[in-house]
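Each remark here refers to the structure printed beneath this line.
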Amino acid sequence: MSSTSSPTSTTTAVRTRSATRVYGEGDTAVLALDAVDLEVPTGQFLAVMGPSGSGKSTLLHCLAGLDRLSQGSVELAGTALEPLSDKDLTHLRRSGVGFIFQSYNLVPTLDARENITLPLDLAGRDVDGAWFDRIVATLGLADRLDHRPAQLSGGQQQRVAAARALVSRPTVVFADEPTGALDTASGAELLGFLRQAATEFGQTIVMVTHDPAAASYADRIVFLADGRIVSEMLEPDADAVLDRMKSLETDVQHATGA
Amino acid sequence: MLRVALKGLLGHKLRFLLTAFAVVVGITFLAGSFVLTDSIQGAFDDLFDEALTAADVYVDAPRTIDDITTEQPGLVPTVPASVLEEVRDVDGVAEVLGHVEGTAQFIDDDGDPVGTEGPPRIGASYSELSPVAIAEGRPPEGPTEVAMDRGTAELMGRGVGDRVDVLVAGEVRTYDVVGLTSFGESDNLLGATMATFDLATAQALFDMEGEYTSVGAIAVDGLDQDELRDRVAAAVGDDLEVRTAAEAAESGKEQVANALGFLTTGLLAFAGVAVFVGAFIIANTFSIVVAQRSREFALLRALGASAAQVRLAVLLEALAVGVVASTLGILLGIGFAVGVQSLLDAIGFALPSSGTVVLPRTILVAYAVGVTVTLLSSLVSARRASRVAPIEAMRGESSGAEQRLGRRVTVGAVVTVIGALVLLAGLLLVDEDANILAIVGTGAMVTLLGVALAAPLFAGPVAAALGTVAARLGFSGRLAQRNARRDRRRTAATASALMIGVALVAFVTIFTASIQGAVTGTLDEQFRADFVLQSTSFTTFNLSDRLIEDLRDEDELAVVSTVGLAPWADADDEVHSLGVVDPDTITEVVGVDWQDGQTAALAAGGMLVIQDHLDDGVVALGDEVTVRFPDGTSLETRVAGSAGGSTQLLGAGYVMGAAAVSAAGFDAPAIAVYANAAGDPEAARAAVDAVVERHPGVRVQDQAEFRQAQQDSIATVLNLFLVLLGLALFIALLGIANTLALAVFERTREIGLLRAVGMDRGQAGRMILGEAVIVSVFGALLGLVVGSFFGWAVVRSLAEDGLDRVVFPVARLGLYVVLAGFAGAVAALFPAWRASRLDVLEAVTAE
Ligand SMILES: Nc1ncnc2c1ncn2[C@@H]1O[C@H](COP(=O)(O)OP(=O)(O)O)[C@@H](O)[C@H]1O
Ligand SMILES: [Mg+2]
C-alpha cells in the first residue's frame with residue numbers, strides 16, 4: 001500500500017511488487033503477506049516491525065529466496081527470484097545474501113573461523129583476508145576464532161553469525177530477530193555492529209524485530225500488520241517507535257472493535 | 001507408561017521400522033534355517049515312510065560302519081541270494097522281493113554324464129521295493145529296457161519310446177526308455193539321477209549275480225510286522241539285519257537327520273552372527289533415539305514420572321520392537337525357506353515336496369531370541385533414559401564437543417584381552433572337537449565385543465586420518481569428517497557392526513588362503529605324477545576297472561597307479577579312511593616322505609600312517625590293528641611306519657597296499673588314478689584324453705590343471721562363506737543407513753542452516769555419503785585387524801595339521817576395505833537423498 005522510495009537512493013537492493021504469500025488452501029488459507037510493495041535502497045538498514053503473526057518472518061524468507069511468493073515478485077539487486085531454480089537460489093544464498101537467525105546460527109562441529117568462512121568454503125571461493133580481518137576485528141572476535149560454538153557465549157555466537165553474513169559481501173544481510181535470544185548488552189553490541197556495517201561498509205540490511213530499541217538502530221522502519229505495510233518511519237528513535245506502535249495498536253483495536 | 005511407550009513408537013514409524021529391521025533380518029535367517037531343514041527332514045520322512053511301505057520286513061547285510069559316507073554304491077554290503085529262499089520259507093511270508101542298487105549314469109549326446117556334480121547317480125532294480133514308482137509307461141523288462149526318473153528325462157528331453165545311453169561299470173550301453181519314475185510326488189530327489197532296470201539286468205550290471213542289496217518280505221494278511229520280523233530273524237540268523245518297515249524308515253530318517261544336523265548347525269551359526277550384528281544395530285539405534293528424546297523424557301520426569309517409569313517406557317518400546325520384528329522375521333523366514341526350496345528346484349536339486357514344516361520350536365526360538373536380543377540391547381539406553389534429569393527439559397541443543405571416554409575404553413581393552421585369551425586357550429588347550437568350536441566362538445565373540453567397546457578411542461584418529469583424504473574431495477568431505485568425529489561412540493558402534501562381518505570375512509579369507517598356500521606347497525613337493533584321473537562327481541567317485549585296464553593298455557604311459565579309498569572301523573567302532581595304494585608304483589607318482597623299507601612293508605601287508613594322524617592316537621607304531629570294512633570283511637595288520645607329508649594325494653591318513661586289502665576280500669573302489677608319460681608328454685596326454693573320451697564322467701588333469709582345480713575348490717568354499725556372511729554385512733550396512741537417517745533427522749536444523757548459507761543439494765548429499773564412507777572404512781579396518789588376529793591364531797594352531805604358514809592376501813583384504821567404503825556409500829544413499837531434499841525453510845525453522 002505505501003510504496004516509498006528513499007530520495008537519496010541511487011540503486012535498489014530489494015524490490016517487491018504486490019508480494020503475496022498464502023499458506024494453506026480453502027477455508028484454512030492464511031494470507032501471510034498481502035500485496036506488499038517495498039523497495040530497499042542499497043546501503044539502507046531497514047527494520048521490519050509488527051505484532052506477532054503479522055508476516056515479518058514470511059516477508060524476510062520471501063525476500064531471501066527461502067520461501068516462494070504466491071503472487072507478485074521479488075527482485076534482489078535487479079534479479080527476479082521467481083524464475084530461479086533451487087540451484088540458482090543456492091548460488092544466490094552463497095554470495096547474494098547473508099543470514100543471521102535468532103538462534104542456532106552456527107555449525108557445532110566447526111570452529112568460529114570455519115563458521116565465518118562457511119559460505120565461501122561451500123562456494124569454493126577464496127577468503128579475502130583483509131576483509132575477513134576487518135570484520136573480525138570490528139566484531140572483536142580475533143581471539144575467539146579457534147573456539148567451537150559450544151565454547152562461545154550467546155553474544156559471541158551471534159557476532160560470529162554476523163561476521164559470516166558479511167564475509168561474502170552480500171547484496172543484503174537478512175536478520176530475523178537477531179537479538180531475540182540475547183541479553184540487552186550483547187544485543188546492543190550486535191546492533192551497534194550492524195549499524196556500523198551499514199554506515200561504514202554500505203551494507204544493506206533487512207532486520208526483523210519487535211523491539212523498538214533494536215529498531216531504532218535502523219535507517220528506516222516499516223510496520224507490518226496482517227501482512228500489509230501499515231506505516232513507516234525514517235531515522236527513528238526508540239521513543240518515536242514506541243509511540244507509533246501504540247498508535248498502530250489502537251488503530252487495530254479500533255478496526256477490530258468496530 | 002504403556003501409553004507413552006506406544007505413543008513413542010507410533011510417533012516415529014520410520015525409526016521404529018529401521019530399528020526392527022535389524023532384528024527382522026537375523027530372525028528371518030534363523031527361522032528360515034529351521035523351516036528349511038525341518039521341511040527337508042519332513043519330506044524325507046514322508047519319502048521313507050512311503051518308499052518303505054512295499055514290504056513289511058527288510059533283510060539287509062549289517063552295516064559294520066554306520067555312516068552316511070558308506071551308503072556309496074560299491075560299498076553297500078550285500079545279501080546272498082540264498083537268503084531270499086530262506087525268507088520265502090518262513091511261515092507268514094506272503095511274498096518276498098530282492099532289490100539291488102548301484103551306480104548308473106545317464107550319458108547325454110555329448111558323451112557327458114547328466115546331472116550336477118554333487119548328487120548321486122543311482123542305478124537300481126525296479127520292484128515294489130524301489131524308492132521310485134512308475135509314473136508313466138511301464139516297468140522295465142529284459143536287458144535292453146530302462147526306466148528314467150522323470151526329472152532327468154525332462155532335463156534330457158527324453159520320454160517313453162526314446163532311447164538313452166547309460167554308463168555302468170565303465171561301459172556305455174543304449175537302452176529303450178519304457179517308463180518314467182517319480183520319487184513320491186517329486187520328479188527328482190535332490191538332483192539325484194535314477195536309472196531302473198529289471199532285477200536280473202541290474203544284478204548283471206552291478207556284478208551282483210546271486211546277491212541283493214536288500215530283501216523285503218510281505219506278511220500274509222493279519223500278521224503284524226514285529227511278529228514277522230522275529231520269525232524272519234530266527235530263520236536267517238544273526239549275521240543279517242532284520243527290520244520292520246517302520247524300523248528301516250526310522251533309521252533312514254535318522255541318517256538324514258544326522259546329515260541335516262550339520263546343515264542346521266551351520267546355518268544357525270550364520271544366523272547367530274546376523275543376530276549378534278543386529279544386536280549392535282538395535283543397541284545403537286536405541287541409544288541415538290534415547291539421546292534425541294532426552295527432552296521428552298526430562299519433560300516426563302518434570303511432570304512427575306519416576307525414573308523406573310521412564311525406564312519401563314523404553315523397555316516396553318523395545319519389547320514391542322522385539323515382538324513385531326520377530327513376528328515379521330518368522331513370516332519372512334518361512335518365505336525364505338520356500339524361496340530356497342524353489343530355487344533349488346529351479347537349478348535341478350528338487351526336494352520331495354511335502355509342504356513347509358513350521359515346528360513350534362521354530363516359533364518359540366525365534367521369539368525368544370528376537371525379544372531377548374532386543375531387550376538386552378536396549379537395557380543400557382533404558383537406564384540412560386531413566387537418568388535424564390528433569391532440568392534437561394529446559395536445556396538447549398547438544399553441543400558438538402567430543403565426549404570423554406576413559407572408563408569405557410579401559411573396560412573394552414580388558415574384555416578384548418579376555419576374549420583373545422579364551423580364543424587362544426580354546427585353540428591350544430582343548431582337545432574335544434565339539435568344545436573347541438564353542439570355546440573359540442565364544443572367545444571370538446567376546447573379543448569383538450571388547451574391540452567394539454574400545455573402538456571409540458580409535459574413532460577420533462581414524463576418522464581424522466580418513467577425513468583428511470575426504471577433505472581433499474571438497475568441503476563436504478571436511479564436514480563429513482567432523483560429523484564422523486562428533487559422536488565417537490555412535491560412530492564406533494555403527495562401525496563395530498560392520499567390523500564383525502568384516503572380521504569374519506577377513507578370517508575366512510586368511511584361513512582359506514593359508515590352506516591354499518599349504519596345498520600348493522604340498523603339491524609342489526609331493527605331486528609327481530604327470531596326470532591324475534578322477535570322477536567328475538563328488539558322490540559317485542569310484543572309477544571303473546575298465547578305465548584302469550584301458551589306461552594300463554596304453555603304450556604312451558609308463559606308470560599307472562591307482563589309489564582306492566575305503567572307510568574302516570577300528571576296535572572302538574570309530575570310522576576312519578584308508579588309502580589303498582599300489583606299493584610298486586606309488587612312490588613314482590606321489591612323493592610322500594617315504595622311508596627305506598616302507599613300500600616293502602606295504603607290499604607285505606603292513607599299514608603306514610601319515611604323521612598328523614599318528615598324533616591323533618588312533619594307532620601307534622608297531623600296533624596290531626583290526627581293520628573292519630563296510631561289507632563286514634576285516635583284516636589284521638601291523639602299523640609298519642609313519643610317513644611325513646599330507647594325506648591329500650594318498651586319499652587318507654592310513655595307507656595299505658592293494659593286494660593285502662583284496663586278499664581280505666574287500667574291493668576298495670578306486671578314487672584316483674595317477675599316470676606318468678612313457679616318453680613324449682603330449683603324446684601321452686593325447687592317449688589319456690582318448691581313453692577318457694571313452695569313459696564319461698572321468699576327468700584328467702595334468703599337474704597345472706590339478707593344482708588349479710584344488711585352488712578353485714578352496715575358493716568355492718571361501719565364496720560360500722562370503723555369501724553367508726553377506727547377511728551379517730547386509731545388516732551392518734542397514735545399521736549405517738539407519739544411524740545416518742537418524743542423524744539427518746537429528747541435524748535437520750543444522751543442515752537447513754548449511755543450505756541457507758549456500759550448501760547445494762549435492763554437497764548436502766555428499767556430506768552424508770562421506771560420513772558413511774568414513775564410518776564403514778573405519779569398521780572395515782577394525783574388522784581387518786581383528787580378523788587377521790583370528791586368522792593368525794587359528795592357522796597357527798593348525799600348524800601340526802599341515803598349515804605351515806599364515807598367508808595374508810593383502811590385495812584382497814585391501815579390496816574388502818574399498819568395497820566396504822562403497823557399500824557404506826550405497827547404504828547412505830537414502831539418508832543422503834533425504835538430506836539433499838530437506839526443505840530449507842522448514843529445516844531452518846524446525847524446532
Ligand atoms: N508454514 C506455514 N504454514 C502455515 N501458516 C504459516 C506458515 N508460516 C507462517 N504462517 C502463518 O503466516 C502468518 C505470518 O507468520 P510469520 O511471518 O511467521 O509472522 P511473524 O514473523 O510476524 O510473527 C501467521 O499467521 C502464521 O501463522
Ligand atoms: Mg517471526
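Every chain in the C-alpha cells takes a letter, A first, then B, and so on in the order presented; its residues are numbered from 1, and the ligands are numbered from 1 following the presented order.
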At most 10 Å is the cut-off: for each residue in chain B with any atom that close to an atom of ligand 1, write down the nearest atom pair and the distance in Å rounded to one decimal, counting only C-alpha atoms and all ligand atoms, chain first then increasing number, as a tab-separated table.
```
residue	atom	partner	partner_atom_place_in_ligand_line	distance
B:Leu841	CA	ligand 1	1 (N)	8.5
B:Glu842	CA	ligand 1	1 (N)	7.5
B:Thr845	CA	ligand 1	1 (N)	9.1
```
File dump, residues just selected, C-alpha atoms, as a PDB file, in the first residue's frame:
```
ATOM      1  CA  LEU B 841      12.805 -23.100   5.053  1.00  0.00           C
ATOM      2  CA  GLU B 842      11.228 -25.930   7.028  1.00  0.00           C
ATOM      3  CA  THR B 845      12.525 -23.001  11.202  1.00  0.00           C
TER       4      THR B 845
END
```
Would you kindly report the residues of chain A within 8 Å of chain B, using only C-alpha atoms, as a PyMOL selection string? chain A and resi 61+66-67+87+90-95+98-99+104-110+118-119+121-124+148-150
Using only C-alpha atoms, the residue out of A:Val97, A:Gly24, A:Gln156, A:Phe174 with shortest distance to Ala142 (chain A) is A:Gln156
Kindly compile the residues surrounding ligand 2 within 9 Å, counting only C-alpha atoms and all ligand atoms, and format them as a ChimeraX atom specification.
/A:52-58,176-177,208-209
Grab the residues selected above and save them as a PDB file, in the first residue's frame with C-alpha atoms.
```pdb
ATOM      1  CA  SER A  52       3.475 -11.484  16.236  1.00  0.00           C
ATOM      2  CA  GLY A  53       1.911 -13.210  13.238  1.00  0.00           C
ATOM      3  CA  SER A  54       1.931 -10.064  11.145  1.00  0.00           C
ATOM      4  CA  GLY A  55       4.086 -11.667   8.452  1.00  0.00           C
ATOM      5  CA  LYS A  56       7.545 -10.312   9.289  1.00  0.00           C
ATOM      6  CA  SER A  57       9.346 -13.642   9.009  1.00  0.00           C
ATOM      7  CA  THR A  58       7.393 -14.576   5.922  1.00  0.00           C
ATOM      8  CA  ASP A 176      15.368 -12.357  11.899  1.00  0.00           C
ATOM      9  CA  GLU A 177      15.201 -11.161  15.489  1.00  0.00           C
ATOM     10  CA  VAL A 208      13.004  -8.212  11.628  1.00  0.00           C
ATOM     11  CA  THR A 209      12.425  -7.207  15.219  1.00  0.00           C
TER      12      THR A 209
END
```
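In this structure, CA of Ile510 (chain B) sits 12.8 Å away from CA of Asn719 (chain B).
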- request: Using only C-alpha atoms, find the one residue out of B:Tyr367, B:Asp555, B:Phe507, B:Asp524 that sits nearest to Asp680 (chain B).
  value: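 Closest residue, counting only C-alpha atoms: B:Asp555.
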**Spatial neighbours of region 239-247 of chain B, 7 Å, only C-alpha atoms, chain gap at least 3 places, as a ChimeraX atom specification** = /B:52-53,55-62,225-226,229,233,236,250-251
Write to file, as a short mmCIF file (atom, residue, chain, number, x, y, z; two decimals), in the first residue's frame, the residues of the selection just made, with all heavy atoms.
```cif
data_model
loop_
_atom_site.label_atom_id
_atom_site.label_comp_id
_atom_site.auth_asym_id
_atom_site.auth_seq_id
_atom_site.Cartn_x
_atom_site.Cartn_y
_atom_site.Cartn_z
N LEU B 52 9.14 -97.24 1.98
CA LEU B 52 9.28 -98.48 2.73
C LEU B 52 7.93 -99.04 3.15
O LEU B 52 7.78 -99.61 4.22
CB LEU B 52 10.18 -98.25 3.94
CG LEU B 52 11.61 -97.86 3.55
CD1 LEU B 52 12.40 -97.42 4.75
CD2 LEU B 52 12.31 -99.01 2.84
N THR B 53 6.93 -98.87 2.30
CA THR B 53 5.64 -99.45 2.62
C THR B 53 5.42 -100.73 1.82
O THR B 53 4.51 -101.50 2.08
CB THR B 53 4.48 -98.49 2.30
OG1 THR B 53 4.72 -97.96 1.00
CG2 THR B 53 4.36 -97.41 3.33
N ALA B 55 7.22 -103.50 1.53
CA ALA B 55 7.40 -104.75 2.29
C ALA B 55 7.14 -104.48 3.76
O ALA B 55 7.12 -103.32 4.19
CB ALA B 55 8.81 -105.28 2.08
N ASP B 56 6.96 -105.54 4.51
CA ASP B 56 6.74 -105.37 5.94
C ASP B 56 8.03 -105.55 6.72
O ASP B 56 8.24 -104.95 7.77
CB ASP B 56 5.72 -106.39 6.45
CG ASP B 56 4.36 -106.13 5.83
OD1 ASP B 56 3.89 -104.98 5.92
OD2 ASP B 56 3.80 -107.05 5.22
N VAL B 57 8.92 -106.40 6.17
CA VAL B 57 10.17 -106.68 6.86
C VAL B 57 11.30 -106.63 5.85
O VAL B 57 11.15 -107.11 4.72
CB VAL B 57 10.12 -108.06 7.55
CG1 VAL B 57 11.50 -108.48 8.02
CG2 VAL B 57 9.14 -108.03 8.72
N TYR B 58 12.40 -106.01 6.24
CA TYR B 58 13.55 -105.90 5.35
C TYR B 58 14.74 -106.66 5.92
O TYR B 58 14.98 -106.63 7.12
CB TYR B 58 13.94 -104.43 5.15
CG TYR B 58 12.95 -103.68 4.30
CD1 TYR B 58 11.80 -103.15 4.87
CD2 TYR B 58 13.17 -103.55 2.93
CE1 TYR B 58 10.88 -102.49 4.09
CE2 TYR B 58 12.24 -102.87 2.14
CZ TYR B 58 11.10 -102.35 2.72
OH TYR B 58 10.20 -101.70 1.93
N VAL B 59 15.47 -107.34 5.03
CA VAL B 59 16.67 -108.03 5.45
C VAL B 59 17.85 -107.40 4.71
O VAL B 59 17.87 -107.33 3.49
CB VAL B 59 16.61 -109.53 5.11
CG1 VAL B 59 17.86 -110.25 5.61
CG2 VAL B 59 15.35 -110.14 5.70
N ASP B 60 18.80 -106.88 5.46
CA ASP B 60 19.98 -106.26 4.87
C ASP B 60 21.22 -106.86 5.50
O ASP B 60 21.17 -107.38 6.62
CB ASP B 60 20.02 -104.76 5.15
CG ASP B 60 18.81 -104.04 4.61
OD1 ASP B 60 18.74 -103.87 3.38
OD2 ASP B 60 17.91 -103.68 5.42
N ALA B 61 22.32 -106.75 4.77
CA ALA B 61 23.59 -107.07 5.40
C ALA B 61 23.87 -105.96 6.39
O ALA B 61 23.64 -104.79 6.11
CB ALA B 61 24.69 -107.13 4.35
N PRO B 62 24.33 -106.29 7.57
CA PRO B 62 24.51 -105.24 8.58
C PRO B 62 25.63 -104.28 8.16
O PRO B 62 26.60 -104.67 7.54
CB PRO B 62 24.90 -106.02 9.83
CG PRO B 62 25.45 -107.30 9.33
CD PRO B 62 24.77 -107.60 8.03
N GLN B 225 3.94 -106.74 11.76
CA GLN B 225 5.32 -106.60 11.30
C GLN B 225 6.32 -107.14 12.31
O GLN B 225 7.26 -107.84 11.95
CB GLN B 225 5.63 -105.12 11.02
CG GLN B 225 4.92 -104.57 9.80
CD GLN B 225 5.40 -103.17 9.45
OE1 GLN B 225 6.08 -102.53 10.24
NE2 GLN B 225 5.05 -102.70 8.26
N ASP B 226 6.09 -106.82 13.57
CA ASP B 226 7.06 -107.24 14.60
C ASP B 226 7.15 -108.76 14.66
O ASP B 226 8.24 -109.33 14.79
CB ASP B 226 6.65 -106.68 15.97
CG ASP B 226 6.84 -105.17 16.01
OD1 ASP B 226 7.59 -104.66 15.13
OD2 ASP B 226 6.25 -104.50 16.88
N ARG B 229 8.98 -110.02 11.69
CA ARG B 229 10.41 -109.73 11.83
C ARG B 229 11.08 -110.80 12.70
O ARG B 229 12.14 -111.33 12.35
CB ARG B 229 10.63 -108.35 12.48
CG ARG B 229 12.10 -108.05 12.76
CD ARG B 229 12.28 -106.98 13.78
NE ARG B 229 11.57 -107.31 15.01
CZ ARG B 229 11.11 -106.40 15.87
NH1 ARG B 229 11.27 -105.13 15.64
NH2 ARG B 229 10.48 -106.80 16.96
N ALA B 233 13.98 -113.18 11.39
CA ALA B 233 15.28 -113.11 12.06
C ALA B 233 15.71 -114.50 12.52
O ALA B 233 16.87 -114.89 12.39
CB ALA B 233 15.21 -112.15 13.25
N VAL B 236 16.96 -116.43 9.31
CA VAL B 236 18.18 -116.06 8.59
C VAL B 236 19.41 -116.00 9.48
O VAL B 236 20.53 -115.90 8.98
CB VAL B 236 18.03 -114.73 7.82
CG1 VAL B 236 16.90 -114.81 6.81
CG2 VAL B 236 17.82 -113.56 8.79
N GLU B 250 12.75 -95.55 10.14
CA GLU B 250 13.29 -94.77 11.25
C GLU B 250 14.80 -94.57 11.10
O GLU B 250 15.31 -93.47 11.28
CB GLU B 250 12.97 -95.50 12.57
CG GLU B 250 12.72 -94.59 13.74
CD GLU B 250 11.81 -93.42 13.38
OE1 GLU B 250 10.67 -93.62 12.89
OE2 GLU B 250 12.27 -92.28 13.56
N SER B 251 15.49 -95.64 10.73
CA SER B 251 16.94 -95.49 10.66
C SER B 251 17.33 -94.64 9.46
O SER B 251 18.29 -93.87 9.52
CB SER B 251 17.63 -96.85 10.64
OG SER B 251 17.80 -97.31 9.32
#
```
What is the CA of Met499 (chain B)-CA of Trp833 (chain B) distance in Å, reported with one decimal?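 Separating CA of Met499 (chain B) from CA of Trp833 (chain B) is a distance of 25.4 Å.
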Q) Can you list, as a PyMOL selection string, every residue of region 86-171 of chain A that DSSP puts in helix (DSSP H, G or I)? A) chain A and resi 86-95+112-123+129-139+142-144+149-151+154-167
Residues within 12 Å of Thr647 (chain B), please, as a ChimeraX atom specification. Count only C-alpha atoms; anything in the same chain fewer than 3 positions from it doesn't count. /B:519,522-523,526-527,563,565,577-580,590-593,608-614,642-644,650-655,801-802
ask   = Which neighbours of Leu36 (chain B) fall inside 9 Å, counting only C-alpha atoms, when residues of the same chain fewer than 4 positions from it are skipped, and could you give them as a list in words?
value =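 These residues fall inside the cut-off: Ala31, Gly32, Ile40, Gln41, Thr264, Gly333, Ile334, Phe336, Ala337, Val338, Val340, Gln341, Thr356, Val357 and Val358 of chain B.
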